[in-house]
$ cat model-v2.txt   # compact mmCIF, C-alpha atoms
# COMPACT_ATOMS: atom_id res chain seq x y z
CA MET A 1 94.99 93.20 104.63
CA SER A 2 95.17 96.95 104.05
CA LYS A 3 96.79 99.13 106.70
CA VAL A 4 95.87 102.73 107.51
CA ALA A 5 97.89 105.20 109.58
CA VAL A 6 95.83 108.00 111.16
CA ILE A 7 98.16 110.80 112.28
CA LEU A 8 97.31 112.81 115.40
CA ALA A 9 98.82 116.12 116.44
CA GLU A 10 97.94 118.07 119.60
CA GLY A 11 94.56 119.72 119.01
CA PHE A 12 93.16 117.10 116.60
CA GLU A 13 89.38 116.91 116.04
CA GLU A 14 88.24 114.03 118.22
CA SER A 15 84.96 113.23 116.44
CA GLU A 16 86.65 113.01 113.04
CA THR A 17 89.49 110.88 114.34
CA LEU A 18 87.45 108.36 116.27
CA THR A 19 84.80 108.05 113.54
CA ILE A 20 87.48 107.30 110.94
CA VAL A 21 89.28 104.76 113.13
CA ASP A 22 86.03 103.13 114.26
CA ILE A 23 84.61 102.67 110.76
CA LEU A 24 87.89 101.38 109.31
CA ARG A 25 88.19 98.84 112.11
CA ARG A 26 84.54 97.79 111.68
CA ALA A 27 85.41 97.14 108.02
CA GLN A 28 88.21 94.81 109.19
CA ILE A 29 90.91 97.22 107.97
CA ASP A 30 94.06 97.37 110.07
CA CYS A 31 94.07 100.95 111.39
CA HIS A 32 96.51 102.54 113.85
CA MET A 33 96.68 105.99 115.41
CA PHE A 34 100.16 107.55 115.33
CA SER A 35 100.93 110.51 117.58
CA THR A 36 103.28 113.34 116.69
CA ALA A 37 103.63 114.01 120.42
CA GLY A 38 103.49 111.51 123.28
CA GLU A 39 101.54 108.30 123.73
CA LEU A 40 98.70 110.31 125.29
CA ILE A 41 97.59 113.15 123.04
CA ARG A 42 94.99 115.87 123.67
CA GLY A 43 92.35 116.78 121.13
CA SER A 44 90.85 120.18 120.41
CA HIS A 45 88.04 119.58 122.95
CA ASP A 46 90.36 118.37 125.73
CA ILE A 47 89.68 114.67 125.16
CA VAL A 48 92.85 112.68 125.69
CA VAL A 49 93.42 109.69 123.42
CA LYS A 50 96.03 106.96 123.76
CA ALA A 51 97.81 106.55 120.42
CA ASP A 52 98.84 103.13 119.19
CA ALA A 53 102.36 104.36 118.39
CA ILE A 54 104.57 107.40 117.93
CA ILE A 55 105.07 108.59 114.35
CA GLY A 56 108.07 107.11 112.55
CA ASP A 57 109.26 105.65 109.27
CA ASP A 58 107.16 102.52 109.83
CA VAL A 59 104.18 104.58 108.58
CA LYS A 60 105.66 104.25 105.06
CA SER A 61 104.77 100.54 105.10
CA TYR A 62 101.06 101.43 105.35
CA ASP A 63 98.71 101.62 102.36
CA MET A 64 97.07 104.88 103.43
CA ILE A 65 97.87 107.90 105.57
CA VAL A 66 94.95 109.94 106.95
CA LEU A 67 94.96 113.33 108.66
CA PRO A 68 91.95 114.36 110.74
CA GLY A 69 91.34 118.09 111.08
CA GLY A 70 90.74 120.26 114.09
CA MET A 71 92.63 123.31 115.26
CA PRO A 72 95.33 123.70 116.25
CA GLY A 73 95.83 120.05 115.23
CA ALA A 74 95.84 120.73 111.49
CA ALA A 75 98.36 123.56 111.89
CA ASN A 76 100.52 121.30 114.05
CA LEU A 77 100.43 118.63 111.32
CA ARG A 78 101.35 121.25 108.71
CA ASP A 79 104.28 122.43 110.81
CA ASP A 80 105.70 118.95 111.51
CA ASP A 81 108.51 118.04 109.10
CA ARG A 82 107.98 114.32 109.78
CA VAL A 83 104.36 114.55 108.64
CA ILE A 84 105.24 116.56 105.53
CA ARG A 85 107.97 114.07 104.56
CA LEU A 86 105.66 111.08 105.06
CA LEU A 87 102.90 112.72 103.00
CA GLN A 88 105.34 113.41 100.17
CA GLU A 89 106.89 109.94 100.21
CA MET A 90 103.56 108.10 100.38
CA ASN A 91 102.08 110.28 97.64
CA GLU A 92 105.11 109.71 95.41
CA ALA A 93 104.73 105.96 96.01
CA GLY A 94 101.11 106.19 94.83
CA LYS A 95 99.71 105.28 98.22
CA PHE A 96 96.41 106.76 99.41
CA VAL A 97 96.55 110.14 101.13
CA GLY A 98 93.46 111.32 103.00
CA ALA A 99 92.66 114.46 104.96
CA MET A 100 89.59 116.29 106.13
CA CYS A 101 88.44 119.55 107.63
CA ALA A 102 91.45 121.86 108.16
CA ALA A 103 94.05 119.10 107.62
CA PRO A 104 94.41 119.78 103.87
CA LEU A 105 96.61 122.65 105.15
CA ALA A 106 99.31 119.99 105.60
CA LEU A 107 98.60 118.50 102.17
CA GLY A 108 99.10 121.94 100.63
CA SER A 109 102.42 122.40 102.43
CA ALA A 110 103.54 118.95 101.26
CA GLY A 111 102.63 119.76 97.64
CA VAL A 112 100.17 116.85 97.51
CA LEU A 113 97.28 119.02 96.25
CA GLU A 114 99.05 120.33 93.16
CA ASN A 115 96.82 119.95 90.09
CA LYS A 116 94.34 117.88 92.12
CA ASN A 117 90.70 118.35 93.05
CA PHE A 118 90.15 118.58 96.81
CA THR A 119 87.86 119.88 99.52
CA ALA A 120 88.33 121.18 103.05
CA TYR A 121 86.56 123.02 105.87
CA VAL A 122 84.49 126.08 104.93
CA GLY A 123 86.78 129.02 104.15
CA TYR A 124 89.98 126.97 104.03
CA GLU A 125 90.15 127.10 100.24
CA ASP A 126 91.68 130.57 100.77
CA LYS A 127 94.16 129.40 103.45
CA ILE A 128 95.64 126.41 101.61
CA GLU A 129 98.60 127.07 99.34
CA THR A 130 98.09 125.07 96.15
CA SER A 131 97.36 125.18 92.44
CA GLY A 132 94.75 122.47 93.06
CA SER A 133 91.04 122.98 92.48
CA PHE A 134 88.78 123.37 95.51
CA LYS A 135 85.37 121.68 95.36
CA GLU A 136 82.44 122.02 97.77
CA ASP A 137 81.54 118.31 97.64
CA VAL A 138 81.24 116.32 100.89
CA VAL A 139 84.02 113.95 99.76
CA VAL A 140 86.39 114.52 96.84
CA ILE A 141 88.44 111.68 95.36
CA ASP A 142 91.15 112.46 92.82
CA GLY A 143 93.39 109.48 92.12
CA ASN A 144 95.09 108.52 95.39
CA LEU A 145 93.86 111.70 97.15
CA ILE A 146 90.71 111.62 99.31
CA THR A 147 89.48 114.74 101.14
CA SER A 148 86.38 115.80 103.04
CA ARG A 149 84.79 118.89 104.65
CA GLY A 150 84.40 118.65 108.43
CA PRO A 151 83.08 116.83 111.50
CA ALA A 152 79.61 116.16 110.05
CA THR A 153 81.15 114.55 106.95
CA SER A 154 83.28 112.06 108.91
CA TYR A 155 81.01 109.11 108.15
CA ALA A 156 80.94 109.74 104.39
CA PHE A 157 84.72 110.24 104.43
CA ALA A 158 85.42 107.06 106.39
CA TYR A 159 83.14 105.00 104.13
CA ALA A 160 84.99 106.42 101.09
CA LEU A 161 88.28 105.32 102.67
CA VAL A 162 86.89 101.81 103.13
CA ASP A 163 85.79 101.69 99.50
CA ALA A 164 89.15 103.00 98.23
CA LEU A 165 90.90 100.16 100.02
CA GLY A 166 88.56 97.58 98.50
CA GLY A 167 86.52 97.07 101.65
CA ASP A 168 82.77 96.61 101.91
CA SER A 169 81.39 99.92 103.16
CA MET A 170 77.85 98.82 102.35
CA ALA A 171 78.04 96.04 104.94
CA VAL A 172 79.37 98.50 107.54
CA LYS A 173 76.67 101.06 106.66
CA ASN A 174 73.97 98.43 107.10
CA ARG A 175 75.36 97.26 110.46
CA MET A 176 75.55 100.86 111.66
CA VAL A 177 71.95 101.61 110.56
CA TYR A 178 73.25 104.34 108.26
CA PHE A 179 70.39 104.03 105.78
CA ASN A 180 67.59 103.92 108.30
CA ALA A 181 69.05 106.88 110.12
CA PHE A 182 69.44 109.12 107.08
CA ASP A 183 67.34 107.50 104.37
CA ALA A 184 70.50 107.50 102.26
CA GLU A 185 70.95 105.29 99.23

$ encode --input "model-v2.txt" --output "structure tokens"
Amino acid sequence: MSKVAVILAEGFEESETLTIVDILRRAQIDCHMFSTAGELIRGSHDIVVKADAIIGDDVKSYDMIVLPGGMPGAANLRDDDRVIRLLQEMNEAGKFVGAMCAAPLALGSAGVLENKNFTAYVGYEDKIETSGSFKEDVVVIDGNLITSRGPATSYAFAYALVDALGGDSMAVKNRMVYFNAFDAE
């Protein structure tokens, strides 16, 4: 079974985080939330979430690392040496690296976006240090890198994560009434 580590820093975007975790778990993918702070961590809208664990080297045993956005959460991820090191090591190992909204800031600092296509929150293409190519697509997949735009794209992003790991996003979409709600294909 695939394992996903979702990394939370103080000020994370709650809707992105919980949508990602919820959809991955609905797809029967082993997903854990790792905090860069304490067991209880506060999001950008003052919602406190209990993390499954504190960040550590055990994250390297996971198949995918995912960074939700939010501010100042994304800046806190970018400024955390443990996060940067894990992103670099997992990327070098060819494992999946995902980020959305403002969190590609951390990917840029880790060098993960170099010569890759990516997306991020509106206006962040000018704030992220990289030679990568910014795209305005809802979700951008380039090899092991998966990125998305912002809170409203959380569902599309999470379904893309499921698909990347070989899961059945179509079954989850149907159970969640995704098609009836949006008349999507």

$ atom_distance --input "model-v2.txt" --atom1 "CA of Leu107 in chain A" --atom2 "CA of Lys173 in chain A"
28.4 Å

$ atom_distance --input "model-v2.txt" --atom1 "CA of Asp126 in chain A" --atom2 "CA of Tyr159 in chain A"
27.2 Å

$ atom_distance --input "model-v2.txt" --atom1 "CA of Gly98 in chain A" --atom2 "CA of Phe179 in chain A"
24.4 Å

$ residues_near_point --input "model-v2.txt" --point "(97.3, 120.3, 88.8)" --cutoff "9 Å" --atoms "only C-alpha atoms" --output "number ranges by chain"
A: 113-117, 130-133

$ closest_residue --input "model-v2.txt" --among "A:Pro68, A:Pro104, A:Gly43, A:Gly56" --to "Phe157 in chain A" --atoms "only C-alpha atoms"
A:Pro68

$ closest_residue --input "model-v2.txt" --among "A:Glu10, A:Glu39, A:Glu89, A:Asp46" --to "Val59 in chain A" --atoms "only C-alpha atoms"
A:Glu89

$ residues_around --input "model-v2.txt" --residues "Met33 in chain A" --least-positions-apart "3" --cutoff "7 Å" --atoms "all atoms listed in the file" --output "list of chain:residue names"
A:Ala5, A:Val6, A:Ile7, A:Leu8, A:Ala51, A:Asp52, A:Ala53

$ write_last_selection --input "model-v2.txt" --atoms "C-alpha atoms" --output "CSV table (one decimal), in the coordinates of the input"
chain,number,residue,atom,x,y,z
A,5,ALA,CA,97.9,105.2,109.6
A,6,VAL,CA,95.8,108.0,111.2
A,7,ILE,CA,98.2,110.8,112.3
A,8,LEU,CA,97.3,112.8,115.4
A,51,ALA,CA,97.8,106.6,120.4
A,52,ASP,CA,98.8,103.1,119.2
A,53,ALA,CA,102.4,104.4,118.4

$ decode --input "model-v2.txt" --residues "range 117-157 of chain A" --atoms "C-alpha atoms" --output "PDB file, in the first residue's frame"
ATOM      1  CA  ASN A 117       6.689  22.576 -15.195  1.00  0.00           C
ATOM      2  CA  PHE A 118       4.683  23.657 -12.144  1.00  0.00           C
ATOM      3  CA  THR A 119       1.824  25.809 -10.944  1.00  0.00           C
ATOM      4  CA  ALA A 120       1.039  27.730  -7.764  1.00  0.00           C
ATOM      5  CA  TYR A 121      -1.286  30.341  -6.297  1.00  0.00           C
ATOM      6  CA  VAL A 122      -2.030  33.419  -8.431  1.00  0.00           C
ATOM      7  CA  GLY A 123       0.971  35.764  -8.436  1.00  0.00           C
ATOM      8  CA  TYR A 124       3.382  33.288  -6.853  1.00  0.00           C
ATOM      9  CA  GLU A 125       5.146  32.603 -10.137  1.00  0.00           C
ATOM     10  CA  ASP A 126       7.045  35.846  -9.392  1.00  0.00           C
ATOM     11  CA  LYS A 127       7.841  34.898  -5.771  1.00  0.00           C
ATOM     12  CA  ILE A 128       9.251  31.407  -6.368  1.00  0.00           C
ATOM     13  CA  GLU A 129      12.955  31.145  -7.115  1.00  0.00           C
ATOM     14  CA  THR A 130      13.395  28.632  -9.927  1.00  0.00           C
ATOM     15  CA  SER A 131      14.330  28.073 -13.544  1.00  0.00           C
ATOM     16  CA  GLY A 132      11.170  25.965 -13.849  1.00  0.00           C
ATOM     17  CA  SER A 133       8.256  26.886 -16.100  1.00  0.00           C
ATOM     18  CA  PHE A 134       5.088  28.226 -14.488  1.00  0.00           C
ATOM     19  CA  LYS A 135       1.780  27.056 -15.964  1.00  0.00           C
ATOM     20  CA  GLU A 136      -1.742  28.311 -15.190  1.00  0.00           C
ATOM     21  CA  ASP A 137      -3.305  24.828 -15.266  1.00  0.00           C
ATOM     22  CA  VAL A 138      -5.373  23.618 -12.288  1.00  0.00           C
ATOM     23  CA  VAL A 139      -2.980  20.688 -11.751  1.00  0.00           C
ATOM     24  CA  VAL A 140       0.455  20.286 -13.337  1.00  0.00           C
ATOM     25  CA  ILE A 141       2.243  16.934 -13.377  1.00  0.00           C
ATOM     26  CA  ASP A 142       5.867  16.766 -14.496  1.00  0.00           C
ATOM     27  CA  GLY A 143       7.464  13.412 -13.738  1.00  0.00           C
ATOM     28  CA  ASN A 144       7.381  12.906  -9.969  1.00  0.00           C
ATOM     29  CA  LEU A 145       6.271  16.524  -9.341  1.00  0.00           C
ATOM     30  CA  ILE A 146       2.572  17.352  -8.853  1.00  0.00           C
ATOM     31  CA  THR A 147       1.423  20.931  -8.164  1.00  0.00           C
ATOM     32  CA  SER A 148      -1.866  22.808  -8.009  1.00  0.00           C
ATOM     33  CA  ARG A 149      -3.252  26.362  -7.674  1.00  0.00           C
ATOM     34  CA  GLY A 150      -5.231  26.968  -4.481  1.00  0.00           C
ATOM     35  CA  PRO A 151      -8.086  26.029  -2.147  1.00  0.00           C
ATOM     36  CA  ALA A 152     -10.684  25.591  -4.913  1.00  0.00           C
ATOM     37  CA  THR A 153      -8.389  23.167  -6.768  1.00  0.00           C
ATOM     38  CA  SER A 154      -7.894  20.855  -3.771  1.00  0.00           C
ATOM     39  CA  TYR A 155     -10.228  18.171  -5.112  1.00  0.00           C
ATOM     40  CA  ALA A 156      -8.577  18.017  -8.544  1.00  0.00           C
ATOM     41  CA  PHE A 157      -5.153  17.954  -6.868  1.00  0.00           C
TER      42      PHE A 157
END
